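Containing compact mmCIF, C-alpha atoms and all ligand atoms: entry-v2.txt.
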# COMPACT_ATOMS: atom_id res chain seq x y z
CA MET H 1 47.45 -33.93 119.69
CA GLU H 2 50.05 -31.67 121.31
CA PHE H 3 47.76 -28.65 121.86
CA LYS H 4 46.46 -28.10 125.42
CA ILE H 5 43.15 -26.87 124.08
CA PHE H 6 42.17 -30.48 123.27
CA GLN H 7 42.79 -31.75 126.80
CA PRO H 8 39.31 -31.19 128.30
CA GLY H 9 37.61 -33.14 125.51
CA ASN H 10 40.21 -35.92 125.59
CA GLU H 11 40.04 -36.16 129.36
CA PHE H 12 36.26 -36.35 129.30
CA LEU H 13 36.19 -39.04 126.61
CA LYS H 14 39.47 -40.68 127.69
CA THR H 15 40.65 -40.57 124.10
CA LYS H 16 43.67 -39.43 122.12
CA PHE H 17 41.54 -37.09 119.99
CA PRO H 18 38.18 -35.49 120.88
CA ILE H 19 36.61 -36.83 117.70
CA ILE H 20 33.32 -38.68 118.15
CA CYS H 21 31.80 -40.90 115.49
CA GLY H 22 28.09 -40.24 116.10
CA ALA H 23 25.76 -43.20 116.65
CA MET H 24 23.97 -44.29 113.48
CA SER H 25 21.24 -46.93 113.51
CA TYR H 26 22.22 -50.04 111.47
CA ILE H 27 25.52 -48.37 110.51
CA SER H 28 27.36 -48.10 113.84
CA THR H 29 28.31 -51.74 114.12
CA PRO H 30 30.65 -52.89 116.90
CA GLU H 31 33.34 -53.11 114.18
CA LEU H 32 32.92 -49.41 113.31
CA VAL H 33 32.87 -48.40 116.98
CA ALA H 34 35.99 -50.45 117.77
CA SER H 35 37.84 -49.12 114.75
CA VAL H 36 37.10 -45.51 115.73
CA ASN H 37 38.29 -46.27 119.27
CA GLU H 38 41.43 -48.06 118.20
CA ASN H 39 42.36 -45.12 115.99
CA GLY H 40 42.14 -42.61 118.83
CA GLY H 41 38.54 -41.40 118.47
CA PHE H 42 35.36 -42.22 120.36
CA GLY H 43 32.74 -44.63 118.97
CA CYS H 44 29.03 -44.89 119.74
CA LEU H 45 26.56 -47.72 119.31
CA ALA H 46 23.03 -46.76 118.28
CA GLY H 47 20.21 -48.25 120.34
CA GLY H 48 17.67 -47.10 117.72
CA ASN H 49 14.68 -49.42 117.57
CA MET H 50 16.72 -52.48 118.53
CA SER H 51 15.43 -54.93 121.12
CA ALA H 52 17.35 -54.96 124.38
CA GLY H 53 18.56 -58.48 123.49
CA GLU H 54 20.07 -57.30 120.19
CA LEU H 55 21.65 -54.29 121.87
CA GLU H 56 23.17 -56.53 124.53
CA LYS H 57 24.85 -58.61 121.81
CA GLN H 58 26.28 -55.44 120.26
CA ILE H 59 27.61 -54.21 123.60
CA ASP H 60 29.25 -57.58 124.27
CA ARG H 61 30.73 -57.73 120.77
CA THR H 62 32.11 -54.18 121.11
CA ARG H 63 33.76 -55.17 124.37
CA GLU H 64 35.35 -58.16 122.63
CA LEU H 65 36.81 -55.86 119.97
CA THR H 66 38.00 -52.94 122.09
CA ASP H 67 38.99 -52.27 125.69
CA ARG H 68 38.37 -48.58 125.26
CA ASN H 69 35.35 -46.55 126.27
CA PHE H 70 32.33 -46.20 124.02
CA ALA H 71 28.82 -44.81 124.27
CA VAL H 72 25.39 -46.18 123.61
CA SER H 73 23.01 -43.63 122.16
CA LEU H 74 19.40 -44.21 123.18
CA LEU H 75 16.50 -42.73 121.24
CA THR H 76 14.05 -41.55 123.89
CA ILE H 77 11.25 -41.81 121.29
CA SER H 78 11.91 -45.51 120.63
CA PRO H 79 9.40 -48.04 122.02
CA GLN H 80 12.43 -49.97 123.36
CA PHE H 81 13.88 -46.94 125.18
CA HIS H 82 13.22 -47.96 128.79
CA GLU H 83 14.28 -51.56 128.30
CA GLN H 84 17.47 -50.34 126.63
CA LEU H 85 18.15 -47.90 129.46
CA TYR H 86 17.83 -50.69 132.07
CA LEU H 87 20.15 -52.82 129.97
CA CYS H 88 22.81 -50.08 129.74
CA GLN H 89 22.59 -49.64 133.49
CA TRP H 90 22.96 -53.36 134.08
CA LYS H 91 25.82 -53.73 131.56
CA LYS H 92 27.56 -50.70 133.07
CA VAL H 93 27.90 -48.99 129.70
CA PRO H 94 30.46 -46.24 130.35
CA TYR H 95 28.76 -43.40 128.41
CA ILE H 96 25.05 -43.02 127.66
CA ILE H 97 23.78 -40.51 125.13
CA PHE H 98 20.12 -39.50 125.17
CA ALA H 99 18.95 -38.59 121.67
CA GLY H 100 15.66 -38.13 119.82
CA SER H 101 14.17 -35.82 122.46
CA PHE H 102 15.07 -34.77 126.00
CA PRO H 103 15.30 -37.21 128.91
CA LYS H 104 13.53 -36.80 132.22
CA LYS H 105 15.46 -36.03 135.39
CA ASN H 106 15.00 -39.54 136.79
CA GLU H 107 16.24 -41.11 133.54
CA ILE H 108 19.46 -39.10 133.76
CA LYS H 109 19.75 -40.04 137.44
CA MET H 110 19.29 -43.74 136.60
CA ALA H 111 22.00 -43.57 133.97
CA ARG H 112 24.43 -41.75 136.26
CA GLU H 113 23.79 -44.10 139.18
CA SER H 114 25.18 -46.96 137.10
CA GLY H 115 28.44 -45.01 136.85
CA ALA H 116 27.86 -43.86 133.27
CA LYS H 117 28.78 -40.43 132.02
CA VAL H 118 25.66 -38.90 130.50
CA ILE H 119 25.55 -36.84 127.34
CA CYS H 120 22.44 -35.09 126.03
CA TYR H 121 21.57 -33.04 122.97
CA ALA H 122 20.48 -29.44 123.52
CA SER H 123 18.56 -27.46 120.94
CA THR H 124 18.03 -24.26 122.97
CA ASN H 125 19.85 -22.46 125.74
CA GLU H 126 16.96 -23.18 128.09
CA ILE H 127 17.16 -26.93 127.39
CA ALA H 128 20.94 -26.88 127.78
CA ARG H 129 20.62 -25.29 131.23
CA ARG H 130 17.80 -27.66 132.21
CA MET H 131 19.97 -30.66 131.25
CA VAL H 132 22.84 -29.24 133.32
CA ARG H 133 20.46 -28.86 136.30
CA TYR H 134 19.36 -32.48 135.79
CA GLY H 135 23.01 -33.52 136.15
CA VAL H 136 24.28 -34.37 132.65
CA ASP H 137 28.03 -34.55 132.23
CA ALA H 138 28.28 -33.12 128.72
CA LEU H 139 26.14 -31.74 125.90
CA ILE H 140 26.04 -32.06 122.14
CA ILE H 141 24.72 -29.18 120.08
CA GLU H 142 23.79 -30.37 116.63
CA GLY H 143 22.96 -28.12 113.71
CA ASP H 144 20.26 -29.14 111.27
CA GLU H 145 22.94 -29.65 108.61
CA ALA H 146 23.31 -33.12 110.21
CA GLY H 147 21.98 -36.43 108.93
CA GLY H 148 19.24 -38.45 110.65
CA TYR H 149 16.87 -36.84 113.17
CA VAL H 150 17.57 -33.12 113.30
CA GLY H 151 16.55 -29.98 115.14
CA ARG H 152 15.45 -26.80 113.45
CA LYS H 153 18.53 -24.56 113.69
CA GLY H 154 21.88 -24.38 111.99
CA LEU H 155 25.08 -24.96 113.95
CA ASN H 156 26.14 -21.27 113.70
CA ILE H 157 23.05 -20.26 115.66
CA LEU H 158 23.49 -22.95 118.30
CA ILE H 159 27.14 -21.96 118.76
CA GLN H 160 26.15 -18.37 119.52
CA GLU H 161 23.17 -19.37 121.63
CA ILE H 162 24.71 -22.17 123.71
CA LEU H 163 28.45 -22.65 123.18
CA PHE H 164 29.24 -18.99 123.78
CA ASP H 165 27.16 -18.88 126.95
CA GLU H 166 29.62 -20.06 129.59
CA ILE H 167 27.95 -23.36 130.31
CA LYS H 168 30.35 -25.13 132.61
CA ILE H 169 30.32 -28.66 131.18
CA PRO H 170 31.96 -29.94 127.98
CA ILE H 171 29.98 -29.17 124.82
CA PHE H 172 30.58 -31.16 121.64
CA VAL H 173 29.44 -29.81 118.28
CA ALA H 174 27.82 -31.71 115.42
CA GLY H 175 26.19 -31.13 112.08
CA GLY H 176 27.84 -30.54 108.73
CA LEU H 177 31.40 -31.17 109.91
CA PHE H 178 33.73 -32.81 107.46
CA CYS H 179 37.27 -31.44 107.70
CA GLY H 180 39.85 -30.90 110.42
CA LYS H 181 40.28 -27.23 109.62
CA LEU H 182 36.73 -26.51 110.74
CA ALA H 183 37.05 -28.92 113.68
CA ALA H 184 40.09 -26.91 114.89
CA HIS H 185 38.07 -23.69 114.84
CA MET H 186 35.20 -25.33 116.73
CA VAL H 187 37.60 -26.21 119.54
CA MET H 188 39.15 -22.73 119.44
CA MET H 189 35.63 -21.35 119.87
CA GLY H 190 35.12 -23.43 123.01
CA ALA H 191 33.85 -26.82 121.87
CA ALA H 192 35.25 -29.83 123.74
CA GLY H 193 35.34 -31.76 120.49
CA VAL H 194 33.46 -32.67 117.35
CA VAL H 195 30.90 -35.27 116.29
CA LEU H 196 30.86 -36.55 112.72
CA GLY H 197 28.25 -38.98 111.41
CA SER H 198 27.79 -38.86 107.66
CA ARG H 199 31.51 -39.00 106.88
CA PHE H 200 31.94 -42.18 108.95
CA ALA H 201 28.77 -43.69 107.42
CA ALA H 202 30.66 -43.83 104.13
CA SER H 203 33.81 -45.34 105.68
CA CYS H 204 35.07 -48.83 104.84
CA GLU H 205 34.20 -50.11 108.33
CA SER H 206 30.66 -48.70 108.39
CA GLY H 207 27.86 -51.25 108.54
CA ALA H 208 26.07 -49.55 105.62
CA HIS H 209 25.33 -51.59 102.49
CA PRO H 210 27.67 -50.83 99.52
CA ASN H 211 24.70 -49.30 97.60
CA PHE H 212 24.10 -46.89 100.49
CA LYS H 213 27.75 -45.80 100.47
CA GLN H 214 27.77 -45.40 96.66
CA ASN H 215 24.85 -42.99 96.96
CA PHE H 216 26.77 -41.01 99.56
CA LEU H 217 29.73 -40.67 97.19
CA ARG H 218 27.49 -39.40 94.38
CA ALA H 219 25.22 -37.07 96.38
CA LYS H 220 25.48 -33.30 96.53
CA ALA H 221 24.81 -31.27 99.69
CA ARG H 222 21.48 -30.03 98.28
CA ASP H 223 20.24 -33.62 97.84
CA ALA H 224 20.13 -34.03 101.63
CA VAL H 225 16.76 -32.52 102.48
CA VAL H 226 14.65 -32.24 105.63
CA VAL H 227 11.28 -34.01 105.53
CA PRO H 228 8.66 -31.28 105.83
CA GLN H 229 5.80 -31.24 108.31
CA PHE H 230 2.97 -30.48 105.86
CA ASP H 231 -0.01 -30.98 108.18
CA SER H 232 -0.73 -30.19 111.79
CA GLN H 233 -2.22 -33.56 112.75
CA LEU H 234 0.49 -36.16 112.41
CA LYS H 235 3.74 -35.01 113.94
CA VAL H 236 6.97 -35.78 112.12
CA VAL H 237 10.31 -35.56 113.91
CA PRO H 238 12.37 -33.78 111.23
CA ILE H 239 14.80 -36.05 109.40
CA ARG H 240 17.53 -35.13 106.93
CA THR H 241 17.74 -37.71 104.18
CA LEU H 242 18.71 -37.95 100.51
CA ARG H 243 15.82 -37.21 98.17
CA ASN H 244 14.50 -40.51 96.73
CA GLY H 245 11.41 -42.75 96.58
CA ALA H 246 11.26 -42.99 100.39
CA LEU H 247 10.11 -39.38 100.52
CA GLU H 248 7.37 -39.91 97.92
CA ASP H 249 6.16 -43.04 99.72
CA PHE H 250 6.12 -41.12 102.99
CA TYR H 251 3.93 -38.37 101.51
CA LYS H 252 1.55 -41.02 100.14
CA LEU H 253 1.41 -42.79 103.51
CA LYS H 254 0.64 -39.52 105.28
CA GLU H 255 -2.10 -38.63 102.81
CA LYS H 256 -3.66 -42.07 103.24
CA LEU H 257 -3.52 -41.80 107.04
CA LEU H 258 -4.96 -38.29 107.04
CA LYS H 259 -7.91 -39.44 104.89
CA LYS H 260 -8.51 -42.40 107.23
CA LEU H 261 -8.32 -40.08 110.25
CA LYS H 262 -10.90 -37.75 108.69
CA LYS H 263 -13.26 -40.69 108.13
CA GLU H 264 -12.47 -41.95 111.66
CA LYS H 265 -11.22 -45.26 110.25
CA ILE H 266 -8.05 -45.17 112.33
CA SER H 267 -7.20 -43.81 115.78
CA HIS H 268 -4.80 -40.89 116.03
CA THR H 269 -2.42 -42.97 118.19
CA ARG H 270 -2.26 -45.75 115.60
CA ALA H 271 -1.78 -43.33 112.71
CA GLN H 272 0.98 -41.55 114.61
CA LYS H 273 2.65 -44.90 115.29
CA PHE H 274 2.81 -45.63 111.53
CA VAL H 275 4.36 -42.22 110.90
CA GLY H 276 6.87 -42.69 113.74
CA ALA H 277 7.93 -46.13 112.58
CA TYR H 278 8.24 -45.26 108.88
CA TRP H 279 11.69 -43.69 108.78
CA ILE H 280 13.49 -46.13 111.01
CA HIS H 281 12.18 -49.05 108.90
CA ALA H 282 13.06 -47.20 105.72
CA LEU H 283 16.59 -46.60 107.05
CA ARG H 284 16.89 -50.31 107.77
CA ASN H 285 15.92 -51.13 104.20
CA ALA H 286 18.52 -48.77 102.77
CA ALA H 287 21.37 -49.32 105.22
CA LEU H 288 21.09 -53.09 105.62
CA LYS H 289 19.37 -54.30 102.46
CA GLY H 290 20.75 -51.71 100.05
CA ASP H 291 17.33 -50.53 98.82
CA VAL H 292 18.40 -47.10 97.63
CA GLU H 293 15.17 -46.46 95.68
CA LYS H 294 12.65 -46.76 98.49
CA GLY H 295 14.83 -46.96 101.61
CA ALA H 296 15.86 -43.92 103.66
CA LEU H 297 19.36 -42.68 102.85
CA MET H 298 19.68 -40.48 105.93
CA ALA H 299 22.56 -38.09 105.34
CA GLY H 300 23.78 -34.70 106.41
CA GLN H 301 24.72 -31.89 104.05
CA SER H 302 28.40 -32.82 104.44
CA VAL H 303 27.56 -35.75 102.16
CA GLY H 304 28.42 -33.42 99.26
CA LEU H 305 32.03 -33.27 100.49
CA ILE H 306 32.51 -37.04 100.65
CA LYS H 307 34.28 -38.08 97.46
CA LYS H 308 35.70 -41.52 98.28
CA GLU H 309 35.34 -44.42 100.64
CA GLN H 310 38.11 -44.17 103.25
CA SER H 311 39.10 -46.34 106.17
CA VAL H 312 38.40 -45.00 109.66
CA LYS H 313 42.16 -44.76 110.16
CA GLU H 314 42.54 -42.55 107.07
CA ILE H 315 39.62 -40.33 108.12
CA ILE H 316 40.92 -39.80 111.65
CA ASN H 317 44.53 -39.30 110.53
CA GLN H 318 43.40 -36.76 107.93
CA LEU H 319 41.25 -34.92 110.47
CA VAL H 320 44.10 -34.82 113.00
CA SER H 321 46.68 -33.62 110.52
CA GLU H 322 44.31 -30.87 109.27
CA ILE H 323 43.53 -29.85 112.85
CA GLU H 324 47.23 -29.64 113.70
CA SER H 325 48.20 -27.61 110.66
CA GLU H 326 45.31 -25.21 111.20
CA MET H 327 46.25 -24.77 114.86
CA LYS H 328 49.86 -24.04 113.84
CA ARG H 329 48.71 -21.58 111.17
CA VAL H 330 46.52 -19.72 113.66
CA LYS H 331 49.26 -19.76 116.32
CA GLY H 332 51.66 -18.24 113.79
CA MET H 333 49.13 -15.54 112.91
CA VAL H 334 48.52 -14.69 116.57
CA ASP H 335 52.26 -14.56 117.33
CA ASP H 336 52.68 -12.11 114.45
CA LEU H 337 50.04 -9.74 115.79
C1 LIG A 1 22.46 -42.49 108.59
C2 LIG A 1 22.42 -41.83 109.93
C3 LIG A 1 21.77 -42.46 111.00
C4 LIG A 1 21.77 -41.84 112.26
N1 LIG A 1 21.16 -42.52 113.29
C5 LIG A 1 21.25 -41.99 114.55
C6 LIG A 1 20.77 -42.74 115.66
O1 LIG A 1 20.25 -43.84 115.52
N2 LIG A 1 20.91 -42.21 116.90
C7 LIG A 1 21.52 -40.99 117.10
O2 LIG A 1 21.65 -40.56 118.25
N3 LIG A 1 21.96 -40.24 116.05
C8 LIG A 1 21.87 -40.73 114.80
N4 LIG A 1 22.40 -40.02 113.74
C9 LIG A 1 23.07 -38.73 114.00
C10 LIG A 1 24.60 -38.92 114.19
O3 LIG A 1 24.88 -39.59 115.38
C11 LIG A 1 25.36 -37.59 114.22
O4 LIG A 1 24.92 -36.82 115.31
C12 LIG A 1 25.18 -36.78 112.92
O5 LIG A 1 25.34 -37.62 111.82
C13 LIG A 1 26.24 -35.66 112.85
O6 LIG A 1 26.04 -34.86 111.73
P1 LIG A 1 26.71 -35.11 110.29
O7 LIG A 1 25.93 -36.22 109.65
O8 LIG A 1 26.52 -33.80 109.61
O9 LIG A 1 28.16 -35.47 110.49
C14 LIG A 1 22.40 -40.59 112.45
C15 LIG A 1 23.03 -39.97 111.37
C16 LIG A 1 23.06 -40.57 110.12
C17 LIG A 1 23.79 -39.88 108.99
Please lay out the structure from this file as structure tokens.
Ligand SMILES: Cc1cc2nc3c(=O)[nH]c(=O)nc-3n(C[C@H](O)[C@H](O)[C@H](O)COP(=O)(O)O)c2cc1C
Amino acid sequence: MEFKIFQPGNEFLKTKFPIICGAMSYISTPELVASVNENGGFGCLAGGNMSAGELEKQIDRTRELTDRNFAVSLLTISPQFHEQLYLCQWKKVPYIIFAGSFPKKNEIKMARESGAKVICYASTNEIARRMVRYGVDALIIEGDEAGGYVGRKGLNILIQEILFDEIKIPIFVAGGLFCGKLAAHMVMMGAAGVVLGSRFAASCESGAHPNFKQNFLRAKARDAVVVPQFDSQLKVVPIRTLRNGALEDFYKLKEKLLKKLKKEKISHTRAQKFVGAYWIHALRNAALKGDVEKGALMAGQSVGLIKKEQSVKEIINQLVSEIESEMKRVKGMVDDL
């Protein structure tokens, strides 16, 4: 990309384009990550609920397929989180993303001591500044238009709250992004680059089952809903997913657990564990086994814009050409002023 404005993001990621394919559990296979990298973008593996052994195999396989940099995204709420973090340190993974919730200072320190660049999500200005104080190298602000685990604000709000606030490290934006035209404007507004998940989930190289991808091609933006927190006892990390049987089963499970809690037939910790584990297992069933009735089809609202299965190369080339023509259009407009 010839425009100087993309340099900070490219220099940080060591890429040709500051386009990140977000980590997606069961979907971000080493093949997807390598393909994104080889086509000039930046790929991420998803630690998710994987054992450290499984994650190690994925890291090794990714290194067989690409010499370029990649990230491992670790879910801080996963029971495997600490083991995975030690593994990433030991394997000298070049970029570590902390997702799910916010890491502690010593966890960021551990990651940086291994030589990794550390990226964290920020959902408020205060958290963004705390993460900067803790030493992170870059931030992602993700609007709740996104698929998977989400915050509670749209990207427009986060842009005004965090991106426009002169924070001195690269900030990447995520949530609801589909086309290059919008990506160009994000960078013109100060973003170092963009993160897309849902669009790559439907790509040819994605690890998602064909049934999962078919549902993505058919879905409308309004089908991608956030799971509501309808009681105050069992906490649910909000998730955006396509409306299907997984939601109904989740409501039934919660009702059952709440009744058991009331009768003191289950401990709160155990009940909360069931709730926490539900969505990741349901995603596994949909993404790996193709159960689109009862599995979780986690998707962002941009799902409504995905009309066909494309290769990673096509997606990235299309994004880049749209970014370039939008930049030229804007440059022409500014020159005319
Ligand atoms: C099916 C699916 C699974 C995801 N799983 C993870 C995950 O395991 N870890 C993570 O950090 N983010 C996960 N995400 C979030 C993505 O990395 C990315 O931030 C998000 O998809 C960007 O928003 P978009 O879907 O609107 O493009 C997931 C997203 C989707 C759609």
Return the single residue from H:Leu253, H:Met24, H:Met50, H:Leu32 that is closest to H:Gly276, with distances computed using only C-alpha atoms.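 Looking at the shortest contact to H:Gly276, the residue is H:Leu253.
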Give me the residues near H:Ser123 as a VMD selection string, where near means some atom within 12 Å (using all atoms listed in the file) and where sequence neighbours in that chain fewer than 2 positions away do not count. chain H and resid 99 to 102 120 to 121 125 to 131 139 to 144 150 to 155 157 to 163 173 to 174
Kindly compile the residues surrounding ligand LIG 1 (chain A) within 7 Å, counting only C-alpha atoms and all ligand atoms, and format them as a ChimeraX atom specification. /H:22-25,27,46-48,73-75,99-100,142,145-149,174-178,195-199,201,297-302
When you look at stretch 55-71 of chain H with a cut-off of 6 Å (counting only C-alpha atoms), what residues show up, excluding the ones that are within fewer than 5 positions of it in the same chain? I need them as a VMD selection string. chain H and resid 30 34 43 to 44 95 to 96
Which residues are near H:Lys104? Cut-off 9 Å, all atoms listed in the file, ignore same chain within fewer than 4 positions. Put them as a PyMOL selection string. chain H and resi 108-109+131+134
With C-alpha atoms retained, write the just-selected residues as a compact mmCIF listing (two decimals), in the coordinates of the input.
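Once written, result_37.txt looks like this:
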# COMPACT_ATOMS: atom_id res chain seq x y z
CA ILE H 108 19.46 -39.10 133.76
CA LYS H 109 19.75 -40.04 137.44
CA MET H 131 19.97 -30.66 131.25
CA TYR H 134 19.36 -32.48 135.79
